[in-house]
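J.: Here it is: the structure, laid out below.
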Amino acid sequence: MNLYNLGLTGLNAAQARLTTTGHNITNADTDGYNRQSVLVSTAGGTGTTAGFFGRGVMVDSVRRSYDGFLYRQLVSAQSDGASMVAYGSQISQLNNLLADRTVGISPAMDNFFNGMHAVASNPADPAGRQELLGQAANLVTQINEANRFLNDQRNDINNQIATTVNQINSYVERINELNTQISAAKASTTSQPPNDLYDQRDQLITEMNQLIRVNVTEQGDSFNLSVGNGQVLLSGKQAFPLRAVSSSIDPSRTVVAFTAPTGNPGQTMEVELADSVLQGGRLGGLLQYRRESLDAVQNDLGRMAIGLAKAFNDQHLMGVDLNGDPGGEFFSYVEPTAMGDAGNLGTGGISATFVDTNRLTTSDYRIDFDGSSYTITRVPENTQVYIGDGSDLGGTPPTLIDGLQINLSGTPVAGDSWMLQPTRNGARDLALAISDPAKVAAADAAGGSANGNNALELAALQTAKILGRGTMNVKESFSQLVDHVGVQTQQNATSSKAQANLIQQTSAAQQALSGVNLNEEEINLQRYTEQFVAASRLIDVGSQLFDTILGLKA
Amino acid sequence: MRISTSLMYQTGLSTLGAQQSDLMHLFQQIGTGRRLVTPADDPLAAAQALNMSQTLALNTRYADNRAIAKQNLGIEENTLNSVTQALQDIKTRVVEAGNGTYADANRRSLADVLKNYRETLLGYANATDGNGQHLFSGYKGDAPAYVKASDGSIVWSGDSGQRMIQVDQTRRMSSGDVGADIFNRATPGTNSYVATAHSSNSGTGLIGSTSVTDPAGANVGKSFSIAFSEVDIDGDGTLEMAYTVTIDDGVSSPTSLPPQAYVDGQAIDLGGVSVVISGQPEAGDAFETEPAQSADLDLFATLDALIEILETPVDGDPVAQAKLTNILNTANQKITINHDNVLTVRASVGARLDELDKLDANGAQRGLGYEDHLSKLENVDWYQAISDLQLRQTALQAAAMAFQSIQANTSLFMQKR
């Protein structure tokens with residue numbers, strides 16, 4: 001009789017193993033699947049005076065081959081990789097935009113100054129003046145267009161942030177659900193591990209990390225989630241969703257806010273997160289691109305536009321046009337206005353005037369008022385450039401902040417703050433102020449149709465170092481921008497490659513433990529089939545023995 | 001170590017992908033002929049190429065500017081050539097007018113000839129370029145350089161503006177000259193003199209041309225007036241015809257020298273400067289000789305004076321004849337100075353054209369250098385690119401073959417079938 005039972009345990013064990021092997025084979029290519037195996041032990045022995053006779057084999061459990069350390073390493077590497085890919089896909093658009101030096105801003109600028117030279121050499125030629133205005137309009141269009149591209153990208157990033165935040169929230173909900181399912185499953189099977197649910201939940205964490213780096217803390221069988229420097233997304237069964245909101249200090253900028261309990265039960269409040277806090281994943285990459293590249297490039301382009309317009313206008317105003325009238329503005333641009341924070345309580349307004357565009361930086365400025373004094377901080381560097389009651393900002397001569405005169409108005413209240421982006425919209429607002437060729441002030445103060453002296457000075461601005469404290473001419477400031485974009489693209493490509501290698505290595509290490517090798521499973525299949533056949537044979541032998549005994553009686 | 005089957009496929013795929021992406025980049029480089037497909041390929045070179053393209057564009061622009069300057073100077077040279085010939089002819093006519101056998105009628109017909117030259121010269125002085133801009137009027141290109149006043153005289157109405165053209169990085173060249181510098185002035189640096197007789201002279205004294213006998217002389221460059229009066233020089237109780245020289249250096253007040261006895265036809269030494277007065281001046285007559293630099297050298301005024309005197313009858317009147325001779329002499333001196341000056345301006349035009357040619361040669365040389373540099377910055381090295389292409393193609397083929405054979409030959413499942 002024992003042989004039957006022994007055979008039966010063998011059959012069951014082989015069956016369990018074959019089932020698991022089949023599960024492995026069919027899931028060999030399932031994302032997030034961890035190879036499973038059957039844990040068995042001997043079923044113990046029956047004690048007799050002649051010793052213990054084994055009772056066969058017993059299936060204990062099904063376990064997945066899983067190492068939390070390897071898994072977390074892989075997820076973290078993938079999160080960084082996703083961030084780099086998101087950054088790369090944005091900056092490579094910019095890089096491609098600037099790829100061909102024979103189109104766009106660079107030749108437009110060459111042609112514009114060429115036209116200026118032609119007017120200087122032949123100031124009375126109406127065709128030359130018309131050509132100059134045409135080339136000036138083209139330069140303005142090229143600069144406006146480059147800025148439009150950047151603005152489109154900015155809007156696209158705003159949309160992507162909103163979409164990504166929604167996806168993150170949806171992952172939080174699904175993980176919350178899986179937490180519940182896992183508890184229930186465990187409870188219903190006397191604490192057997194629900195491997196496939198674990199895999200599903202881990203896979204969700206993996207996918208979520210492609211969007212944003214998530215910190216997981218295990219509490220029993222539940223995962224608690226947080227992002228940034230500890231902003232909680234899921235705690236117990238309570239989810240605190242992220243929100244994509246317009247920045248209170250810059251409404252054109254979509255930022256991420258987290259919801260936090262107010263202390264009153266059931267009530268939450270939204271708190272804006274600094275972009276730099278959110279790292280990893282697509283969201284981290286997008287925010288990094290906007291912070292480190294897009295803002296800088298747009299400011300750079302704006303500074304170039306303003307520097308060119310101001311220097312050109314200043315010289316043009318000194319000239320005399322074909323009608324004998326003093327020269328007017330050639331380009332037009334807009335003096336910047338600081339944006340007040342949505343939470344400002346006072347009536348204080350701040351604007352600025354370009355005074356010395358050669359000293360303009362490509363930074364933005366945060367202005368804070370503490371009740372008595374103003375603090376001006378250059379961002380993103382966070383360098384304080386001014387602290388004082390503001391009276392000298394409007395003094396004679398005014399204290400200039402990086403070439404800007406700051407104009408204060410109204411009555412602010414302590415705690416009010418403003419954001420001044422002097423160059424952000426410079427490329428957008430650049431326009432041509434004259435359309436009549438006769439209004440080109442080619443002559444110097446002496447006047448005369450054959451007098452091209454002022455045009456000579458205007459043409460000389462092409463190589464004058466009018467930007468960056470006398471370090472760059474207009475073209476050089478553009479080539480510096482191209483260099484920045486090129487370097488950032490190159491760095492991103494290099495680090496993406498390195499990251500891809502790292503992901504591959506960590507993935508290999510993780511897969512060495514958790515992955516399915518079909519050859520291995522094939523061998524297992526043969527081995528367990530053989531076990532099954534062997535166990536069946538036990539029953540067969542038991543049956544023969546039984547028949548033998550029955551035959552004796554007859 | 002366990003190799004998971006899906007990882008093996010993934011690795012194979014990403015290896016092939018990476019190889020293909022490299023190959024794609026090479027295709028782009030070879031297809032466009034550019035090493036820099038995007039700035040990221042070599043950011044510094046991309047930035048340098050932009051700056052270099054501006055330098056190259058400027059170099060081309062300076063060549064264009066030089067072409068304009070050459071054109072302007074060419075027109076000026078042609079005009080001045082005609083002016084030179086006209087002046088040459090006028091001088092011949094002036095000498096002809098001094099012919100002692102000519103009667104009033106002959107001189108009147110000469111006056112008509114000179115009137116024609118006056119109009120011709122006015123035409124040259126108001127010549128225009130292709131844009132209708134007057135060549136010699138300074139900044140006021142749309143206004144003529146010389147206009148006829150209501151009294152018929154021709155007056156300078158331009159300004160002193162030089163039309164500058166940027167012909168090279170640091171060289172601004174005047175692409176023309178101002179009428180006043182061509183028709184109204186003596187060559188800067190010349191030390192010739194212009195001698196004139198007062199129009200109120202009642203004697204027959206003639207003043208010859210002034211010569212500078214000693215360029216280092218104490219009074220060279222000063223103006224002299226020689227006034228005649230009757231003075232008892234030798235103390236014999238009778239009055240002799242004497243002259244008083246007054247020297248004016250234009251700075252301090254004029255100083256007069258003691259009267260000297262007049263000897264007909266004797267050179268008067270003025271201190272490095274010498275002038276001959278001949279004939280019979282009367283007391284109260286006066287002559288002057290002044291440096292060309294300060295003299296009124298208005299060519300048209302000179303012509304007007306010539307025409308006026310040639311139309312005035314002098315036959316049978318020795319005083320009027322002396323006046324005619326004096327005015328002809330003065331005019332001859334002035335026109336000679338004008339003529340020399342036009343030749344000087346022409347020489348300066350020639351020098352500028354020559355400089356432009358040299359700058360052209362330099363510019364062309366520089367342009368080649370810039371283009372070479374630009375090409376090195378952004379153009380593909382064909383040998384390198386082609387050999388890279390072959391290497392990459394081979395590598396990609398090898399990777400593809402390796403992947404296929406490993407997959408096909410190492411799977412137990414596949415072998416069983």
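Quick note on naming: the chains in the structure tokens go A, B, ... in the order shown, residues restart at 1 in each chain, and ligands are numbered from 1 in order of appearance.
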Please identify every residue of chain B that has at least one atom no more than 6 Å from any atom of chain A, counting only C-alpha atoms, and report them as a ChimeraX atom specification.

T.: /B:1-6,38-40,43-44,47,50,139-141,165,412

J.: Pull the closest atom pair for each residue of range 144-237 of chain B that gets at most 10 Å from range 332-356 of chain B, along with the distance in Å to one decimal, counting only C-alpha atoms, ordering rows by chain and then ascending residue number, as JSON lines.

T.:
```
{"residue": "B:Val167", "atom": "CA", "partner": "B:Leu356", "partner_atom": "CA", "distance": 7.6}
{"residue": "B:Asp168", "atom": "CA", "partner": "B:Leu356", "partner_atom": "CA", "distance": 9.2}
{"residue": "B:Met173", "atom": "CA", "partner": "B:Arg352", "partner_atom": "CA", "distance": 7.9}
{"residue": "B:Ser174", "atom": "CA", "partner": "B:Arg352", "partner_atom": "CA", "distance": 8.6}
{"residue": "B:Ser175", "atom": "CA", "partner": "B:Arg352", "partner_atom": "CA", "distance": 8.5}
{"residue": "B:Gly176", "atom": "CA", "partner": "B:Val349", "partner_atom": "CA", "distance": 7.9}
{"residue": "B:Asp177", "atom": "CA", "partner": "B:Val345", "partner_atom": "CA", "distance": 8.0}
{"residue": "B:Asp181", "atom": "CA", "partner": "B:Val345", "partner_atom": "CA", "distance": 8.2}
{"residue": "B:Ile182", "atom": "CA", "partner": "B:Val342", "partner_atom": "CA", "distance": 5.7}
{"residue": "B:Phe183", "atom": "CA", "partner": "B:Asn338", "partner_atom": "CA", "distance": 6.4}
{"residue": "B:Asn184", "atom": "CA", "partner": "B:Asn338", "partner_atom": "CA", "distance": 7.3}
{"residue": "B:Arg185", "atom": "CA", "partner": "B:Asn338", "partner_atom": "CA", "distance": 6.8}
{"residue": "B:Ala186", "atom": "CA", "partner": "B:Asn341", "partner_atom": "CA", "distance": 5.6}
{"residue": "B:Thr187", "atom": "CA", "partner": "B:Asn341", "partner_atom": "CA", "distance": 4.6}
{"residue": "B:Pro188", "atom": "CA", "partner": "B:Asn341", "partner_atom": "CA", "distance": 8.3}
{"residue": "B:Thr190", "atom": "CA", "partner": "B:Ile337", "partner_atom": "CA", "distance": 8.8}
{"residue": "B:Ser192", "atom": "CA", "partner": "B:Ile337", "partner_atom": "CA", "distance": 7.9}
{"residue": "B:Tyr193", "atom": "CA", "partner": "B:Gln333", "partner_atom": "CA", "distance": 8.0}
{"residue": "B:Val194", "atom": "CA", "partner": "B:Gln333", "partner_atom": "CA", "distance": 6.2}
{"residue": "B:Ala195", "atom": "CA", "partner": "B:Gln333", "partner_atom": "CA", "distance": 7.9}
{"residue": "B:Thr196", "atom": "CA", "partner": "B:Gln333", "partner_atom": "CA", "distance": 9.8}
{"residue": "B:Gly208", "atom": "CA", "partner": "B:Gln333", "partner_atom": "CA", "distance": 9.9}
{"residue": "B:Ser209", "atom": "CA", "partner": "B:Gln333", "partner_atom": "CA", "distance": 7.3}
{"residue": "B:Thr210", "atom": "CA", "partner": "B:Gln333", "partner_atom": "CA", "distance": 9.2}
```

J.: Just write the chosen residues, N, CA and C atoms, as a CSV table (one decimal), in the first residue's frame.

T.:
```
chain,number,residue,atom,x,y,z
B,167,VAL,N,36.5,99.5,-46.8
B,167,VAL,CA,37.1,98.7,-47.9
B,167,VAL,C,37.8,97.5,-47.3
B,168,ASP,N,38.1,97.5,-46.0
B,168,ASP,CA,38.7,96.4,-45.3
B,168,ASP,C,38.4,96.5,-43.9
B,173,MET,N,37.9,104.2,-46.7
B,173,MET,CA,38.6,105.0,-47.8
B,173,MET,C,37.5,105.9,-48.4
B,174,SER,N,38.0,107.2,-48.6
B,174,SER,CA,37.1,108.1,-49.3
B,174,SER,C,36.9,107.7,-50.7
B,175,SER,N,35.7,107.5,-51.2
B,175,SER,CA,35.5,107.0,-52.5
B,175,SER,C,35.3,108.1,-53.5
B,176,GLY,N,35.7,109.3,-53.1
B,176,GLY,CA,35.5,110.4,-54.0
B,176,GLY,C,36.3,111.6,-53.5
B,177,ASP,N,36.1,112.8,-54.1
B,177,ASP,CA,36.7,114.0,-53.6
B,177,ASP,C,35.7,115.1,-53.7
B,181,ASP,N,38.0,120.9,-53.2
B,181,ASP,CA,39.4,120.4,-53.2
B,181,ASP,C,39.9,120.2,-54.6
B,182,ILE,N,39.1,120.2,-55.6
B,182,ILE,CA,39.5,120.0,-57.0
B,182,ILE,C,39.7,121.3,-57.7
B,183,PHE,N,38.6,122.1,-57.6
B,183,PHE,CA,38.6,123.3,-58.4
B,183,PHE,C,39.0,124.6,-57.7
B,184,ASN,N,39.0,124.6,-56.3
B,184,ASN,CA,39.2,125.8,-55.6
B,184,ASN,C,40.5,125.8,-54.7
B,185,ARG,N,41.4,125.0,-55.0
B,185,ARG,CA,42.5,125.0,-54.0
B,185,ARG,C,43.8,124.6,-54.7
B,186,ALA,N,44.9,125.0,-54.0
B,186,ALA,CA,46.2,124.6,-54.5
B,186,ALA,C,46.6,123.3,-53.8
B,187,THR,N,47.5,122.6,-54.5
B,187,THR,CA,48.0,121.3,-54.0
B,187,THR,C,48.5,121.6,-52.6
B,188,PRO,N,48.1,120.9,-51.6
B,188,PRO,CA,48.6,121.1,-50.3
B,188,PRO,C,50.1,120.9,-50.3
B,190,THR,N,52.3,123.0,-51.8
B,190,THR,CA,53.0,123.7,-52.8
B,190,THR,C,53.3,125.1,-52.3
B,192,SER,N,54.0,127.8,-54.4
B,192,SER,CA,54.0,128.8,-55.4
B,192,SER,C,53.2,130.0,-55.0
B,193,TYR,N,53.4,131.1,-55.7
B,193,TYR,CA,52.8,132.4,-55.4
B,193,TYR,C,51.9,132.8,-56.5
B,194,VAL,N,50.9,133.6,-56.2
B,194,VAL,CA,50.1,134.3,-57.2
B,194,VAL,C,50.2,135.8,-57.1
B,195,ALA,N,50.6,136.4,-58.2
B,195,ALA,CA,50.9,137.8,-58.1
B,195,ALA,C,49.7,138.5,-58.8
B,196,THR,N,49.3,139.6,-58.2
B,196,THR,CA,48.2,140.4,-58.8
B,196,THR,C,48.5,141.9,-58.8
B,208,GLY,N,55.5,140.4,-62.9
B,208,GLY,CA,55.7,139.0,-63.4
B,208,GLY,C,55.4,138.0,-62.4
B,209,SER,N,55.7,136.7,-62.8
B,209,SER,CA,55.4,135.7,-61.8
B,209,SER,C,56.4,135.7,-60.7
B,210,THR,N,55.9,135.2,-59.6
B,210,THR,CA,56.8,135.2,-58.4
B,210,THR,C,57.5,133.9,-58.3
```

J.: Check the DSSP output for the backbone and give back, as a ChimeraX atom specification, the residues of range 47-287 of chain A in helix (DSSP H, G or I).

T.: /A:68-97,105-121,126-188,195-209,275-277,281-287

J.: Please, what distance in Å, to one decimal, runs between CA of Asp159 in chain B and CA of Leu80 in chain B?

T.: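 Here the two named atoms are 19.0 Å from each other.
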
J.: Identify, on the basis of only C-alpha atoms, every residue whose closest approach to range 85-89 of chain A does not exceed 7 Å; exclude the query and any residue fewer than 4 positions from it along the same chain; express the result as a list of chain:residue names.

T.: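 What passes the distance filter is A:Gly81, A:Gln93, A:Arg282, A:Gly285, A:Leu286, A:Tyr289, A:Thr489, A:Asn492, A:Ser496.
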
J.: Could you tell me, as a ChimeraX atom specification, which residues of range 346-423 of chain A DSSP assigns to strand (DSSP E or B) when given the backbone?

T.: /A:349-354,364-369,374-379,383-388,401,404-409,417-420

J.: Those same residues, written as a compact mmCIF listing (two decimals), in the first residue's frame with C-alpha atoms?

T.:
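Saved result, again_17.txt, follows:
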```
# COMPACT_ATOMS: atom_id res chain seq x y z
CA GLY A 349 4.60 96.28 -8.95
CA ILE A 350 8.06 95.97 -10.40
CA SER A 351 9.27 96.69 -13.91
CA ALA A 352 12.71 97.14 -15.39
CA THR A 353 14.39 99.24 -18.06
CA PHE A 354 17.30 98.11 -20.21
CA ASP A 364 16.13 85.46 -14.11
CA TYR A 365 15.69 87.42 -10.90
CA ARG A 366 13.61 86.66 -7.87
CA ILE A 367 12.71 89.72 -5.85
CA ASP A 368 11.53 89.37 -2.25
CA PHE A 369 10.23 92.05 0.08
CA TYR A 374 14.12 94.14 -1.09
CA THR A 375 16.32 91.19 -1.87
CA ILE A 376 17.12 90.46 -5.50
CA THR A 377 18.40 86.97 -6.22
CA ARG A 378 19.72 85.76 -9.53
CA VAL A 379 18.17 82.40 -10.43
CA THR A 383 23.20 84.45 -6.07
CA GLN A 384 22.01 87.44 -4.10
CA VAL A 385 22.76 90.56 -6.15
CA TYR A 386 21.01 93.24 -4.14
CA ILE A 387 19.68 93.90 -0.69
CA GLY A 388 18.38 97.30 0.33
CA ILE A 401 21.22 95.37 -11.47
CA LEU A 404 18.87 96.86 -15.60
CA GLN A 405 17.19 99.75 -13.88
CA ILE A 406 14.58 98.38 -11.50
CA ASN A 407 11.44 100.49 -11.16
CA LEU A 408 9.35 99.98 -8.02
CA SER A 409 5.77 101.12 -7.72
CA SER A 417 7.72 88.30 -4.11
CA TRP A 418 8.15 88.78 -7.84
CA MET A 419 9.86 87.03 -10.70
CA LEU A 420 11.68 89.17 -13.24
```

J.: List the neighbours of Gly10 in chain A out to 7 Å using only C-alpha atoms; skip same-chain residues closer than 3 positions along the sequence, and give me the result as a list in words.

T.: Leu6, Gly7, Ala13, Ala14, Gly56, Val57, Phe532 and Ala535 of chain A

J.: Take the residues that were just selected and, keeping N, CA and C atoms, output them as an mmCIF file, in the first residue's frame.

T.:
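Heads up, here's the output in out04.cif:
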```cif
data_model
loop_
_atom_site.group_PDB
_atom_site.id
_atom_site.type_symbol
_atom_site.label_atom_id
_atom_site.label_comp_id
_atom_site.auth_asym_id
_atom_site.auth_seq_id
_atom_site.Cartn_x
_atom_site.Cartn_y
_atom_site.Cartn_z
ATOM 1 N N LEU A 6 3.430 6.489 -1.877
ATOM 2 C CA LEU A 6 4.703 7.089 -2.271
ATOM 3 C C LEU A 6 4.612 7.594 -3.706
ATOM 4 N N GLY A 7 4.087 6.707 -4.563
ATOM 5 C CA GLY A 7 3.954 7.084 -5.976
ATOM 6 C C GLY A 7 3.093 8.303 -6.137
ATOM 7 N N ALA A 13 4.204 15.860 -6.831
ATOM 8 C CA ALA A 13 5.349 16.774 -6.878
ATOM 9 C C ALA A 13 5.754 17.031 -8.318
ATOM 10 N N ALA A 14 5.816 15.932 -9.113
ATOM 11 C CA ALA A 14 6.218 16.103 -10.517
ATOM 12 C C ALA A 14 5.213 16.971 -11.251
ATOM 13 N N GLY A 56 7.534 9.677 1.341
ATOM 14 C CA GLY A 56 7.520 10.312 0.020
ATOM 15 C C GLY A 56 7.856 11.789 0.081
ATOM 16 N N VAL A 57 7.380 12.504 -0.899
ATOM 17 C CA VAL A 57 7.747 13.907 -1.056
ATOM 18 C C VAL A 57 6.526 14.792 -0.834
ATOM 19 N N PHE A 532 7.791 11.991 -13.202
ATOM 20 C CA PHE A 532 6.386 11.594 -13.251
ATOM 21 C C PHE A 532 6.258 10.130 -13.671
ATOM 22 N N ALA A 535 7.391 7.921 -10.871
ATOM 23 C CA ALA A 535 6.401 7.817 -9.796
ATOM 24 C C ALA A 535 5.247 6.917 -10.229
#
```

J.: Restricting the calculation to only C-alpha atoms: of A:Asn358, A:Leu461, A:Gly263, A:Ala244, which residue gets closest to Gln315 in chain A?

T.: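 Between A:Asn358, A:Leu461, A:Gly263, A:Ala244, the residue approaching Gln315 in chain A most closely is A:Leu461.
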
J.: CA of Thr254 in chain A and CA of Gly266 in chain A are how many Å apart?

T.: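 Computed distance, CA of Thr254 in chain A to CA of Gly266 in chain A, equals 26.3 Å.
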
J.: Report, in Å to a single decimal, how far apart CA of Asn72 in chain B and CA of Gln169 in chain B are.

T.: 19.8 Å
